[in-house]
Structures are given as C-alpha cells and as structure tokens.
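Q: My structure is in structure-v4.txt, and what it holds is compact mmCIF, C-alpha atoms:
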# COMPACT_ATOMS: atom_id res chain seq x y z
CA MET A 1 -3.19 28.72 175.39
CA ALA A 2 -1.08 27.34 172.55
CA SER A 3 2.28 25.75 173.23
CA LEU A 4 5.22 25.91 170.87
CA LYS A 5 6.29 22.46 169.60
CA ARG A 6 8.67 23.26 166.78
CA ILE A 7 10.27 26.38 165.33
CA GLU A 8 12.60 26.95 162.41
CA LEU A 9 14.78 30.06 162.55
CA ASP A 10 17.04 31.72 160.02
CA VAL A 11 19.93 33.13 162.09
CA LEU A 12 23.06 35.16 161.35
CA LYS A 13 25.81 34.34 163.84
CA PRO A 14 29.53 35.04 164.33
CA HIS A 15 31.84 32.06 163.66
CA TYR A 16 32.31 31.62 167.41
CA PRO A 17 30.82 29.97 169.38
CA ASN A 18 30.94 27.20 166.78
CA SER A 19 27.77 25.38 165.70
CA LEU A 20 28.09 22.70 168.35
CA ASP A 21 28.53 25.15 171.25
CA PHE A 22 25.89 27.46 169.78
CA SER A 23 23.22 24.75 169.59
CA SER A 24 24.27 23.26 172.94
CA THR A 25 23.77 26.63 174.64
CA ILE A 26 20.29 26.95 173.12
CA ALA A 27 19.54 23.40 174.28
CA ASP A 28 20.68 24.32 177.82
CA LYS A 29 18.07 27.13 177.84
CA SER A 30 15.33 24.84 176.46
CA PRO A 31 15.36 21.67 178.58
CA GLY A 32 14.12 18.60 176.71
CA ALA A 33 14.42 20.29 173.31
CA ARG A 34 15.95 18.71 170.24
CA ILE A 35 18.07 21.10 168.15
CA GLU A 36 19.14 20.73 164.56
CA LEU A 37 21.49 23.34 163.12
CA THR A 38 22.42 23.60 159.45
CA VAL A 39 25.02 26.06 158.16
CA THR A 40 23.76 27.50 154.87
CA GLU A 41 26.29 30.24 154.18
CA VAL A 42 29.75 31.17 155.46
CA ASP A 43 31.22 34.69 155.20
CA GLU A 44 34.46 36.17 156.49
CA LYS A 45 33.22 36.93 160.01
CA THR A 46 29.72 35.48 160.07
CA GLU A 47 27.68 32.48 159.02
CA THR A 48 24.01 31.99 158.27
CA VAL A 49 22.43 28.98 159.95
CA VAL A 50 18.99 27.40 160.00
CA ILE A 51 18.08 26.19 163.46
CA VAL A 52 15.22 23.79 164.01
CA ILE A 53 14.15 23.45 167.63
CA ALA A 54 11.60 20.84 168.60
CA GLY A 55 10.24 19.98 172.00
CA GLU A 56 7.35 20.30 174.40
CA ASN A 57 6.24 23.78 175.36
CA LEU A 58 9.29 25.65 174.02
CA LYS A 59 9.93 29.13 175.39
CA TYR A 60 10.56 31.44 172.45
CA GLU A 61 11.90 34.27 174.65
CA ALA A 62 14.51 31.95 176.17
CA ILE A 63 15.61 30.86 172.69
CA VAL A 64 15.90 34.48 171.49
CA GLU A 65 17.85 35.42 174.62
CA ALA A 66 20.30 32.53 174.17
CA ILE A 67 20.89 33.43 170.52
CA SER A 68 21.33 37.16 171.28
CA ASP A 69 23.70 36.42 174.18
CA MET A 70 26.00 34.61 171.77
CA GLY A 71 25.92 37.53 169.33
CA GLY A 72 23.43 35.94 166.93
CA SER A 73 20.64 37.75 165.13
CA ILE A 74 17.32 36.17 164.10
CA HIS A 75 16.52 37.11 160.51
CA SER A 76 13.24 35.30 160.17
CA ILE A 77 10.97 32.67 161.65
CA ASP A 78 10.57 30.29 158.71
CA LYS A 79 8.30 27.65 160.17
CA VAL A 80 6.44 27.05 163.42
CA GLU A 81 4.35 24.30 164.89
CA VAL A 82 2.11 25.11 167.82
CA GLU A 83 -0.49 23.04 169.60
CA SER A 84 -3.40 24.23 171.62
CA GLU A 85 -3.54 22.84 175.11
CA SER A 86 -6.76 21.14 176.09
CA ASP A 87 -8.46 22.52 179.20
CA MET B 1 31.40 31.84 186.41
CA PHE B 2 34.21 29.63 185.03
CA LYS B 3 31.83 28.34 182.33
CA GLN B 4 31.08 31.93 181.28
CA LEU B 5 34.79 32.79 181.31
CA ALA B 6 35.50 29.73 179.16
CA LEU B 7 32.80 30.89 176.71
CA LEU B 8 34.31 34.39 176.53
CA LEU B 9 37.79 32.96 175.89
CA GLU B 10 36.32 30.60 173.28
CA ILE B 11 34.36 33.17 171.26
CA THR B 12 37.24 35.66 171.18
CA ARG B 13 39.84 32.92 170.56
CA SER B 14 41.83 34.35 173.50
CA ARG B 15 42.84 31.11 175.21
CA SER B 16 46.09 30.81 173.27
CA LEU B 17 46.73 34.53 173.77
CA VAL B 18 46.49 34.16 177.57
CA ARG B 19 48.82 31.15 177.44
CA ARG B 20 51.29 33.08 175.29
CA TYR B 21 51.26 36.07 177.64
CA PHE B 22 51.80 33.76 180.62
CA VAL B 23 54.84 32.11 179.07
CA VAL B 24 56.39 35.19 177.44
CA ASN B 25 56.20 37.40 180.51
CA GLY B 26 56.95 34.53 182.88
CA PHE B 27 60.07 33.92 180.84
CA ASP B 28 60.92 37.63 181.10
CA GLY B 29 60.50 37.53 184.87
CA ALA B 30 62.60 34.41 185.39
CA LEU B 31 65.38 35.54 183.04
CA THR B 32 65.49 39.02 184.60
CA MET B 33 65.80 37.52 188.10
CA LEU B 34 68.47 35.13 186.84
CA GLY B 35 70.39 38.09 185.40
CA ILE B 36 70.18 40.24 188.52
CA ILE B 37 71.07 37.40 190.90
CA MET B 38 73.89 36.24 188.63
CA GLY B 39 75.19 39.83 188.60
CA PHE B 40 75.31 39.85 192.39
CA TYR B 41 76.80 36.35 192.46
CA VAL B 42 79.79 37.20 190.27
CA SER B 43 80.46 40.53 191.97
CA ASP B 44 81.57 41.15 195.51
CA ARG B 45 78.77 39.84 197.63
CA ALA B 46 76.30 42.56 198.52
CA SER B 47 74.19 42.20 201.62
CA LEU B 48 71.06 40.09 201.26
CA PRO B 49 68.61 42.99 201.87
CA ILE B 50 70.21 44.90 198.96
CA ILE B 51 69.86 41.85 196.67
CA ILE B 52 66.26 41.29 197.78
CA ASN B 53 65.33 44.94 197.26
CA SER B 54 66.92 44.98 193.79
CA CYS B 55 65.10 41.80 192.74
CA PHE B 56 61.86 42.93 194.37
CA GLY B 57 62.02 46.31 192.61
CA ALA B 58 62.54 44.62 189.26
CA ALA B 59 59.72 42.13 189.99
CA ILE B 60 57.27 44.94 190.81
CA ALA B 61 58.33 46.89 187.71
CA LEU B 62 57.88 43.80 185.51
CA GLY B 63 54.47 43.16 187.07
CA MET B 64 53.29 46.73 186.58
CA SER B 65 54.67 46.85 183.05
CA GLY B 66 52.88 43.60 182.16
CA LEU B 67 49.66 44.70 183.80
CA THR B 68 49.37 48.14 182.21
CA SER B 69 50.78 47.39 178.75
CA ALA B 70 48.52 44.35 178.27
CA TYR B 71 45.46 46.21 179.54
CA ILE B 72 45.98 49.16 177.21
CA SER B 73 46.76 47.06 174.13
CA GLU B 74 44.08 44.43 174.77
CA THR B 75 41.36 47.02 175.40
CA ALA B 76 42.14 48.58 172.03
CA GLU B 77 42.32 45.19 170.27
CA GLN B 78 39.10 43.86 171.76
CA LYS B 79 37.23 47.08 170.90
CA LYS B 80 38.49 46.88 167.33
CA GLU B 81 37.39 43.24 167.04
CA LEU B 82 33.96 44.09 168.43
CA ARG B 83 33.52 47.02 166.06
CA GLU B 84 34.43 44.87 163.05
CA LEU B 85 32.06 42.12 164.12
CA GLU B 86 29.27 44.64 164.71
CA GLN B 87 29.76 45.91 161.16
CA ALA B 88 29.53 42.36 159.81
CA MET B 89 26.47 41.53 161.95
CA LEU B 90 24.81 44.90 161.32
CA LYS B 91 23.86 45.18 164.98
CA LYS B 92 25.25 46.35 168.31
CA LEU B 93 26.78 43.51 170.33
CA GLY B 94 27.42 45.39 173.58
CA GLY B 95 24.83 43.32 175.45
CA SER B 96 26.05 39.98 174.12
CA ALA B 97 28.87 37.72 175.26
CA TYR B 98 31.08 39.58 172.78
CA GLY B 99 30.39 42.87 174.56
CA GLN B 100 31.06 41.20 177.90
CA ALA B 101 34.32 39.80 176.54
CA THR B 102 35.39 43.26 175.37
CA ARG B 103 34.85 44.61 178.88
CA LEU B 104 36.26 41.71 180.93
CA LEU B 105 39.01 40.04 178.93
CA PRO B 106 41.46 42.98 179.01
CA PHE B 107 41.42 42.68 182.83
CA LEU B 108 42.02 38.92 182.73
CA ILE B 109 44.79 39.16 180.14
CA ALA B 110 46.41 42.07 182.00
CA ALA B 111 46.28 40.09 185.26
CA VAL B 112 47.96 37.08 183.65
CA ASN B 113 50.53 39.28 181.92
CA GLY B 114 51.35 41.15 185.12
CA LEU B 115 51.10 38.36 187.69
CA SER B 116 53.08 35.83 185.67
CA PRO B 117 56.48 37.64 185.94
CA LEU B 118 55.68 38.93 189.43
CA VAL B 119 54.81 35.55 190.95
CA ILE B 120 57.68 33.75 189.19
CA SER B 121 60.12 36.45 190.35
CA LEU B 122 58.87 36.23 193.95
CA ILE B 123 59.31 32.43 193.91
CA ILE B 124 62.91 32.90 192.74
CA ILE B 125 63.59 35.53 195.44
CA LEU B 126 62.12 33.28 198.15
CA PRO B 127 65.35 31.42 199.12
CA ILE B 128 67.25 34.73 199.39
CA TRP B 129 64.52 36.08 201.63
CA ALA B 130 64.59 32.84 203.66
CA ALA B 131 68.32 33.35 204.23
CA THR B 132 67.58 36.60 206.10
CA LEU B 133 65.53 34.69 208.67
CA PRO B 134 67.23 33.43 211.81
CA LEU B 135 67.38 29.90 210.39
CA GLU B 136 70.29 27.64 209.56
CA LEU B 137 69.82 26.91 205.84
CA PRO B 138 71.70 23.96 204.32
CA PHE B 139 72.37 25.83 201.04
CA ASP B 140 73.81 29.05 199.65
CA ALA B 141 70.86 31.37 199.08
CA LEU B 142 72.11 32.88 195.80
CA GLU B 143 73.09 29.53 194.31
CA PHE B 144 69.73 28.06 195.29
CA ALA B 145 67.89 31.04 193.77
CA LEU B 146 69.91 30.62 190.55
CA MET B 147 69.03 26.91 190.40
CA LEU B 148 65.39 27.80 191.02
CA ALA B 149 65.42 30.30 188.14
CA LEU B 150 67.01 27.74 185.82
CA SER B 151 64.44 25.12 186.88
CA ILE B 152 61.52 27.49 186.26
CA LEU B 153 62.88 28.40 182.82
CA PHE B 154 63.22 24.68 182.05
CA LEU B 155 59.63 24.09 183.19
CA LEU B 156 58.34 26.97 181.04
CA GLY B 157 60.03 25.27 178.08
CA VAL B 158 58.42 21.95 179.04
CA PHE B 159 55.03 23.70 179.22
CA LEU B 160 55.58 25.16 175.73
CA GLY B 161 56.64 21.76 174.42
CA ARG B 162 53.54 20.07 175.80
CA THR B 163 51.31 22.85 174.42
CA SER B 164 52.80 22.62 170.94
CA GLY B 165 52.79 18.82 171.00
CA THR B 166 56.55 18.61 170.41
CA ASN B 167 59.13 16.82 172.54
CA TRP B 168 58.79 18.36 176.02
CA LEU B 169 62.33 17.44 177.05
CA TRP B 170 63.84 19.07 173.97
CA ALA B 171 61.69 22.20 174.49
CA GLY B 172 62.76 22.36 178.15
CA LEU B 173 66.43 21.89 177.30
CA ARG B 174 66.18 24.68 174.71
CA THR B 175 64.97 27.26 177.26
CA LEU B 176 67.52 25.94 179.75
CA PHE B 177 70.22 26.48 177.12
CA ILE B 178 69.08 30.11 176.64
CA ALA B 179 69.23 30.64 180.41
CA THR B 180 72.67 29.04 180.64
CA VAL B 181 74.01 31.21 177.80
CA THR B 182 72.60 34.30 179.56
CA SER B 183 74.31 33.31 182.81
CA GLY B 184 77.54 32.56 180.96
CA LEU B 185 77.51 35.96 179.26
CA ILE B 186 76.99 37.74 182.57
CA TYR B 187 79.81 35.70 184.13
CA LEU B 188 82.21 36.41 181.24
CA LEU B 189 81.33 40.05 180.66
CA ALA B 190 81.06 41.15 184.28
CA PRO B 191 83.84 43.65 185.01
CA SER B 192 86.26 42.14 187.49
If you took the structure in this file and wrote it as structure tokens, what would it be?
A:
Amino acid sequence: MASLKRIELDVLKPHYPNSLDFSSTIADKSPGARIELTVTEVDEKTETVVIVIAGENLKYEAIVEAISDMGGSIHSIDKVEVESESD
Amino acid sequence: MFKQLALLLEITRSRSLVRRYFVVNGFDGALTMLGIIMGFYVSDRASLPIIINSCFGAAIALGMSGLTSAYISETAEQKKELRELEQAMLKKLGGSAYGQATRLLPFLIAAVNGLSPLVISLIIILPIWAATLPLELPFDALEFALMLALSILFLLGVFLGRTSGTNWLWAGLRTLFIATVTSGLIYLLAPS
C-alpha cells in the first residue's frame, strides 16, 4: 500500500482563521507533518492559498476534514508524492 | 472545549464584541443600581426589603433585557455573516466551525450581555441584603452599596483603559466622574 509523503493543495479559505492558525490546525491533525502555506490571492471575504504538506504517511482524509472544519474548500490537488511501502 | 470556543471567537472576530457587551451592559447595571439606591438614600428611608426588591426587580429586568435582546440581534447578525461568507465561498458552511459559531455564539454573547448587569447588580445589592441579617454591621448599608457601585464603575473604566492601551487611571476616573455626576443630579433634582 502506498503512503502519502507530500501533497500540494489549492485551497479557497475565509480570512479567518488566519494563515498561521489555519496551517497550525492542519498540523495538529497530521502529527509530524511540515506545512508550508502561501497566499496567492486575496479577495474581500476569502483568500486563495497553496498548502504544501510533507511528512511520513500523511492521512488525506484528516487533512480534508481539518480544512473543511475551518470553512476552507479544496479546489485542486496540484502535486502529490507517494511511496510504496515495502512488504 | 475552551480551545474550540477560542477558535469560534477568533474566526467570527467576536472577542471584542463580547468584551464590549460585558462593559456596556455591566455599566448599565452598575449605574442603574447607583441611581435606584441614590434615590432611596436622598428620600425618606424606605425599609430595606423594599429597597432590595426594587433593586432586585431592576437587576432581573436588566438581565432579561440583555439576554433576549443580544440573542435576537446576534442570531440575525451571525446568520447574515454566514450567508455572505457562503456566497463568497460558493459552498454551504453549516458543518464547519463557521456554522458552529452561528449556532453557539448567540448563546454565549447573550449570556455575557445578560449576566454582566445581573451579577454586577447583585454584588451592589449584597451589603443591603446583609443588613437584613441579624448581624451587627459596622457600616451603613446604603452608603456601602453606593461606594460599591462607584468602585465597580471605576473598575469598569480601568478595564476599558487597559483594553484600549490608554492610561487606566484616567479611564477609571472618567467613568467615576460620570457616576458622580449621575449621583449629583439625583441628589439635586430629587423632590424634597
């Protein structure tokens, strides 16, 4: 079974929680993960961000749940890195 | 639970709103009690149970008014905010923290808005109530209650001063001045 090592997401989020709290909450749901968040566009009530999450055996469902809980919406998965686990 | 509550207050920017409600309605409660007690103080002394019942009635009314008015207005405001955000996000947010905030925050804000004047009023009434007990108190109950009201109003000013980052003493003295003017007006205008 392949494990997720790195994923790059294009996300639309409300202004709050701010980028720091937003990425910290995702990190809380993905122990050991490293998160990099870049704001690419700011509108009146929303902002578009690119989130890069790297770590060992990331749980995609937990990441989606954390983003949705904070009102965010995943527009696209732009890049992934998976690794097959040796038996 | 507190972490989640902090998140809800953060995303809806409601922390300052809760603080404002606490101070504004607390101020209302303290000033109303000051006015009622001052009214009794300058008139022929009524019996303590009458004073307590008058103050208690006003305290309950202030509490209920704060509770219901804040709940009704905040429910409408939070729903409006959610609807606007949903339009911007092009998705329903009922299941997110925003949806949770829309359901829970009106209760929290209403509780603060209602309990703030109620609790402050009850604290001010306390010495008058204590005077009805079979105890020998070393102070005049009405005068002590008036001093307590003035002190609470001063402290609310100090709290505002610290929140705004201005001189806390000046902010406290300003609210104390308002309270003193109110007392003075009641004293001067009370029919003899």
Q: Extract, using all atoms listed in the file, all DNA, RNA and protein residues at most 9 Å from Ala97 of chain B, discarding same-chain residues fewer than 4 positions from it, and format them as a list in words.
A: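 Selected residues are Ser68, Asp69, Met70 and Gly71 of chain A; Gln4, Leu7, Leu8, Ile11, Leu93, Ala101 and Thr102 of chain B.
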Q: Within 12 Å of chain A, which residues of chain B show up when using only C-alpha atoms, listed as a ChimeraX atom specification?
A: /B:3-4,6-14,81-101
Q: Using only C-alpha atoms, which of B:Ala171, B:Ile128, B:Ile50, B:Leu62 sits nearest Phe159 of chain B?
A: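 The answer is B:Ala171, which sits nearest to Phe159 of chain B.
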Q: For a test of reading the model, state the distance in Å between atom CA of Ala54 of chain A and atom CA of Arg34 of chain A, rounded to one decimal.
A: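 If I compute the distance from atom CA of Ala54 of chain A to atom CA of Arg34 of chain A, I get 5.1 Å.
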Q: How big is the axis-aligned box around all listed atoms of segment 7-17 of chain A once 8 Å goes on each side, and where's its centre, in Å to one decimal, as AutoDock Vina command-line options?
A:
--center_x 21.3 --center_y 30.8 --center_z 164.7 --size_x 38.0 --size_y 24.8 --size_z 25.4
Q: Quick one, how far is atom CA of Glu8 of chain A from atom CA of Glu85 of chain A?
A: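 Answer for the atom CA of Glu8 of chain A to atom CA of Glu85 of chain A separation: 20.9 Å.
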Q: Could you pull the residues within 12 Å of segment 183-187 of chain B, counting only C-alpha atoms, minus those fewer than 4 positions along the same chain, as a list in words?
A: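 These residues fall inside the cut-off: Leu31, Thr32, Met33, Leu34, Gly35, Ile36, Ile37, Met38, Gly39, Phe40, Tyr41, Val42, Ser43, Leu146, Met147, Ala149, Leu150, Leu176, Phe177, Ile178, Ala179, Pro191 and Ser192 of chain B.
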Q: Restricted to C-alpha atoms, what would the selected residues look like written as a CSV table (one decimal), in the frame of the given file?
A:
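Final output, selection16.csv:
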chain,number,residue,atom,x,y,z
B,31,LEU,CA,65.4,35.5,183.0
B,32,THR,CA,65.5,39.0,184.6
B,33,MET,CA,65.8,37.5,188.1
B,34,LEU,CA,68.5,35.1,186.8
B,35,GLY,CA,70.4,38.1,185.4
B,36,ILE,CA,70.2,40.2,188.5
B,37,ILE,CA,71.1,37.4,190.9
B,38,MET,CA,73.9,36.2,188.6
B,39,GLY,CA,75.2,39.8,188.6
B,40,PHE,CA,75.3,39.8,192.4
B,41,TYR,CA,76.8,36.4,192.5
B,42,VAL,CA,79.8,37.2,190.3
B,43,SER,CA,80.5,40.5,192.0
B,146,LEU,CA,69.9,30.6,190.6
B,147,MET,CA,69.0,26.9,190.4
B,149,ALA,CA,65.4,30.3,188.1
B,150,LEU,CA,67.0,27.7,185.8
B,176,LEU,CA,67.5,25.9,179.8
B,177,PHE,CA,70.2,26.5,177.1
B,178,ILE,CA,69.1,30.1,176.6
B,179,ALA,CA,69.2,30.6,180.4
B,191,PRO,CA,83.8,43.6,185.0
B,192,SER,CA,86.3,42.1,187.5
Q: Name all residues at most 7 Å from Ile53 of chain A (count all atoms listed in the file; drop same-chain ones fewer than 3 positions away) and give them as a list in words.
A: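 Here the qualifying residues turn out to be Arg6, Ile7, Glu8, Ala33, Arg34, Ile35 and Glu36 of chain A.
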Q: What is the atom CA of Ala141 of chain B to atom CA of Gly66 of chain B distance in Å?
A: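 The value is 27.6 Å.
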